[in-house]
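A.B. asks: Take this structure, written in structure tokens, and hold onto it; I'll ask about it next.
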Amino acid sequence: MLALLLAGVCAACLGPYQIIGQELDKTISLGDQPTWIQATPLQTTLLVFATPDGGVSAPFTLTTIARDQSTVIYAGDYIATATQVTLNSKLKYVLKNQNNLPVTSRDGAQRFDVDAGATYSSTLDGGILTLTGSPSLGSFVAFPQALAHLKATTQAEADCLLRVYDLTAISSETRILGFNGPAIIQYTTEAGFNGVLSGDVNISVESLFNPNVTLNYQNFSDFSGFVMDGTQFTKTDLSGNGYVSNTIAFSMTLPSSDGGVPQPVISGVVGYGNADGSQPTVLITTGTPTGGSYTLSIDGGASFLVAYDVLFTMDVTACVLTPQQ
Amino acid sequence: MAWGLSSRGGRLANARRVGAAVVLLCLTGTRARADNAQHTIGPSFQLTIINTKTCDSAGRCNQSLVEAPGVTYVATLGATWGFQAQFTGYFPVSATQTVSGVQTHVDISSVYSSAWGIDALFAAMRRFCFVAGLQLDVGLGPHFDGLVMKGNRFANTGYSDFNSFTLGLGMNAVLRWRVGTGPVSLAAFGSGAVDFLDLLHGGNLSVGFGVTTGALVGVDL
């Protein structure tokens with residue numbers, strides 16, 4: 001009934017056809033696993049290599065977030081020797097930046113079955129993992145090591161920290177089928193999506209005519225040491241005009257050298273806005289942030305207002321120490 | 001030349017006489033009149049095929065095929081020429097999804113918490129009568145098909161929804177047999193449609209097909 005009602009009020013509302021029998025979530029949380037990062041001004045690439053558990057192959061994810069937020073994630077299994085890594089991708093997730101389009105014309109997050117293999121020569125030298133091949137993936141550093149000095153004592157640092165936070169947020173959204181597109185309306189029945197490493201994010205849409213979206217993160221982690229917990233609520237009309245509210249807590253920890261309790265690097269809260277839409281609140285026009293500010297509050301530290309458009313430029317090189325290629 | 005004209009005119013007159021006799025026979029047999037309506041209803045089987053423009057790098061595009069039993073109601077108004085409306089409510093039981101040339105069979109009840117559809121055809125009708133009590137109604141007109149399948153959601157996972165609302169052109173044929181001289185008739189029907197537009201998915205529809213067939217029982221009112 002929902003779909004037929006929808007057909008009555010719009011044309012081409014739901015984007016591309018879904019696949020019959022398509023599972024919403026194919027992610028099985030791996031527990032804390034080695035994560036590697038490479039950041040350049042143009043894109044940030046994150047690799048999760050699960051530890052082979054007595055077998056030859058183990059799961060991996062390869063996440064590439066472009067400067068304009070467009071994201072591609074490959075997931076599958078890898079086989080590693082001392083000098084080579086072969087990635088066998090089974091799934092490809094795509095979330096394009098289509099902020100220039102009305103919500104009803106966007107593709108939203110999509111997932112494709114793929115069968116793609118690529119073999120890279122690998123070296124690990126001084127904590128730098130280098131994967132060369134055709135095309136070369138370049139050099140990576142361990143994610144916890146790259147984020148070991150995250151802080152927010154100045155506005156510039158706060159801006160960069162919010163971008164680092166957004167790496168996990170975008171990664172989670174890319175795996176929610178239909179996210180940022182009209183097919184999100186299917187979540188009038190709530191659905192959950194697992195984090196690559198731990199936790200989950202639940203998404204629900206209030207109703208067809210009140211398409212308010214709730215994202216509820218619970219101990220959610222896609223990359224080693226970075227965890228999100230909290231709720232983001234987006235209140236919009238049918239045209240995607242409205243605002244965001246609620247808060248999500250985050251924390252970054254380093255694994256302890258003695259295998260004990262992880263050591264905190266930084267933690268805080270990202271405020272999206274007030275429940276009544278009063279400032280500071282991120283404003284939404286046709287499904288895209290167009291005004292207002294995020295509030296970044298550091299535990300035991302200062303609070304910053306971060307302009308809505310800071311996340312439009314996903315360059316984390318200012319605060320993440322990684323190889324540049 | 002004159003003979004030819006006369007001959008052609010004679011054949012035309014003969015044809016008209018035969019045609020009139022057939023129609024008269026048909027009308028006698030079915031009691032159908034220009035102002036009466038025939039209502040029939042019965043079980044049917046619906047096949048919905050959706051070819052999308054989502055293709056892989058090898059040019060193989062996704063196809064969804066849904067099989068569904070249903071209930072069809074057909075109403076006709078008129079005699080030799082008239083109007084025909086066909087409504088089918090159907091309930092998918094199985095589907096075949098083709099992605100990159102690989103077919104996957106899906107048991108609807110294990111994937112979707114609810115699944116139903118409505119197929120409608122509004123047609124200009126032409127009636128043909130062959131022998132007393134037997135008539136064939138053939139119609140052509142706009143076609144609509146709405147399919148709603150709500151994915152199961154359980155625990156922390158589930159399946160995505162599948163919806164379509166396609167529009168196109170359809171053709172319907174109803175072969176009706178009068179039981180005795182009363183108002184009751186039995187019928188078999190088949191319809192086919194080609195859809196070009198989906199109001200929910202716009203440009204993603206390449207072409208859609210709908211095929212419905214079934215048996216009907218009905219009355220003249």
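Letters A, B, ... mark the chains of the structure tokens in the order given; residue numbers begin at 1 per chain; ligand numbers begin at 1, in order shown.
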Compute the set of chain B residues within 8 Å of chain A, using only C-alpha atoms, and express it as JSON, numbers by chain.
C.D. replies: {"B": [52, 54, 64, 95, 96, 97, 106, 111, 146, 148, 153, 156, 157, 158, 159, 160, 161, 162, 163, 164, 165, 198, 199, 200, 201, 202, 203, 204]}
A.B. asks: Enumerate the residues of segment 77-202 of chain A with a DSSP assignment of alpha helix (DSSP H), computed from the backbone, and present them as JSON, numbers by chain.
C.D. replies: {"A": [143, 144, 145, 146, 155, 156, 157, 158, 159, 160, 161, 162, 163, 164, 165, 166, 167, 168, 169, 170, 171, 172, 173, 174]}
A.B. asks: Have a look at A:Ala169, A:Ile284, A:Leu296, A:Leu147 and name the one nearest to Thr253 of chain A; count only C-alpha atoms.
C.D. replies: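 Among the listed residues, A:Leu147 lies closest to Thr253 of chain A.
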A.B. asks: Quick one: residues within 6 Å of Leu77 of chain B, only C-alpha atoms counted, chain neighbours fewer than 5 positions away excluded, as a list in words?
C.D. replies: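 That gives Ala37, Gly82 and Phe83 of chain B.
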A.B. asks: Among the residues of segment 145-208 of chain B, find those DSSP assigns to strand (DSSP E) from the backbone and print them as a ChimeraX atom specification.
C.D. replies: /B:145-151,153-154,157-158,162-178,184-198,205-208
A.B. asks: So what do you get for atom CA of Ser206 of chain B versus atom CA of Val66 of chain B, distance-wise?
C.D. replies: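 For atom CA of Ser206 of chain B relative to atom CA of Val66 of chain B, the distance reads 16.4 Å.
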A.B. asks: Which residues are close to Thr40 of chain B, i.e. within 7 Å by only C-alpha atoms, leaving aside same-chain residues fewer than 4 positions away? Reply as a ChimeraX atom specification.
C.D. replies: /B:73-75,216-219
A.B. asks: For the selection you just gave me, I'd like the residues written to a file as a PDB file, in the first residue's frame, keeping N, CA and C atoms.
C.D. replies:
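Done, and the output landed in part00.pdb:
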```pdb
ATOM      1  N   TYR B  73     -11.282 -10.529 -12.068  1.00  0.00           N
ATOM      2  CA  TYR B  73     -12.655 -10.111 -12.368  1.00  0.00           C
ATOM      3  C   TYR B  73     -12.638  -9.405 -13.714  1.00  0.00           C
ATOM      4  N   VAL B  74     -13.526  -9.830 -14.596  1.00  0.00           N
ATOM      5  CA  VAL B  74     -13.626  -9.196 -15.909  1.00  0.00           C
ATOM      6  C   VAL B  74     -15.052  -8.723 -16.119  1.00  0.00           C
ATOM      7  N   ALA B  75     -15.175  -7.486 -16.486  1.00  0.00           N
ATOM      8  CA  ALA B  75     -16.488  -6.934 -16.813  1.00  0.00           C
ATOM      9  C   ALA B  75     -16.482  -6.468 -18.259  1.00  0.00           C
ATOM     10  N   LEU B 216     -12.930 -18.420 -15.618  1.00  0.00           N
ATOM     11  CA  LEU B 216     -13.899 -17.489 -15.040  1.00  0.00           C
ATOM     12  C   LEU B 216     -15.292 -18.111 -15.056  1.00  0.00           C
ATOM     13  N   VAL B 217     -16.098 -17.676 -14.138  1.00  0.00           N
ATOM     14  CA  VAL B 217     -17.517 -17.984 -14.173  1.00  0.00           C
ATOM     15  C   VAL B 217     -18.251 -16.668 -13.964  1.00  0.00           C
ATOM     16  N   GLY B 218     -19.385 -16.513 -14.657  1.00  0.00           N
ATOM     17  CA  GLY B 218     -20.023 -15.207 -14.545  1.00  0.00           C
ATOM     18  C   GLY B 218     -21.492 -15.218 -14.909  1.00  0.00           C
ATOM     19  N   VAL B 219     -22.054 -14.024 -14.817  1.00  0.00           N
ATOM     20  CA  VAL B 219     -23.467 -13.850 -15.124  1.00  0.00           C
ATOM     21  C   VAL B 219     -23.653 -12.589 -15.959  1.00  0.00           C
TER      22      VAL B 219
END
```
A.B. asks: What lies within 6 Å of Gly108 of chain A using only C-alpha atoms, ignoring chain neighbours under 2 positions off, as a ChimeraX atom specification?
C.D. replies: /A:106,178-181
A.B. asks: For the residues in the current selection, export C-alpha atoms as a PDB file, in the first residue's frame.
C.D. replies:
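Everything below was put into again19.pdb:
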```pdb
ATOM      1  CA  ARG A 106      19.335   9.975  -6.185  1.00  0.00           C
ATOM      2  CA  GLY A 178      19.068   3.028  -0.180  1.00  0.00           C
ATOM      3  CA  PHE A 179      20.586   5.497   2.268  1.00  0.00           C
ATOM      4  CA  ASN A 180      20.513   9.110   1.059  1.00  0.00           C
ATOM      5  CA  GLY A 181      18.066   8.110  -1.667  1.00  0.00           C
TER       6      GLY A 181
END
```
A.B. asks: So, counting only C-alpha atoms, which residue among A:Val85, A:Val269, A:Val282, A:Leu311 is closest to Val244 of chain A?
C.D. replies: A:Val282
A.B. asks: So that I can check the surroundings of Arg111 of chain A, please list as a ChimeraX atom specification every protein, DNA and RNA residue that reaches within 7 Å of it, counting only C-alpha atoms and ignoring chain neighbours fewer than 4 positions away.
C.D. replies: /A:91-94,177
A.B. asks: If you keep C-alpha atoms, can you produce a file of those selected residues as a tab-separated table (two decimals), in the first residue's frame?
C.D. replies:
```tsv
chain	number	residue	atom	x	y	z
A	91	LEU	CA	30.59	-7.29	-2.57
A	92	LYS	CA	30.86	-3.71	-3.74
A	93	TYR	CA	29.05	-0.89	-1.95
A	94	VAL	CA	28.65	2.49	-3.59
A	177	LEU	CA	20.90	0.03	1.22
```
A.B. asks: In Å to one decimal, how far is atom CA of Leu140 of chain B from atom CA of Ile41 of chain B?
C.D. replies: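 About the pair atom CA of Ile41 of chain B and atom CA of Leu140 of chain B: they are 19.4 Å apart.
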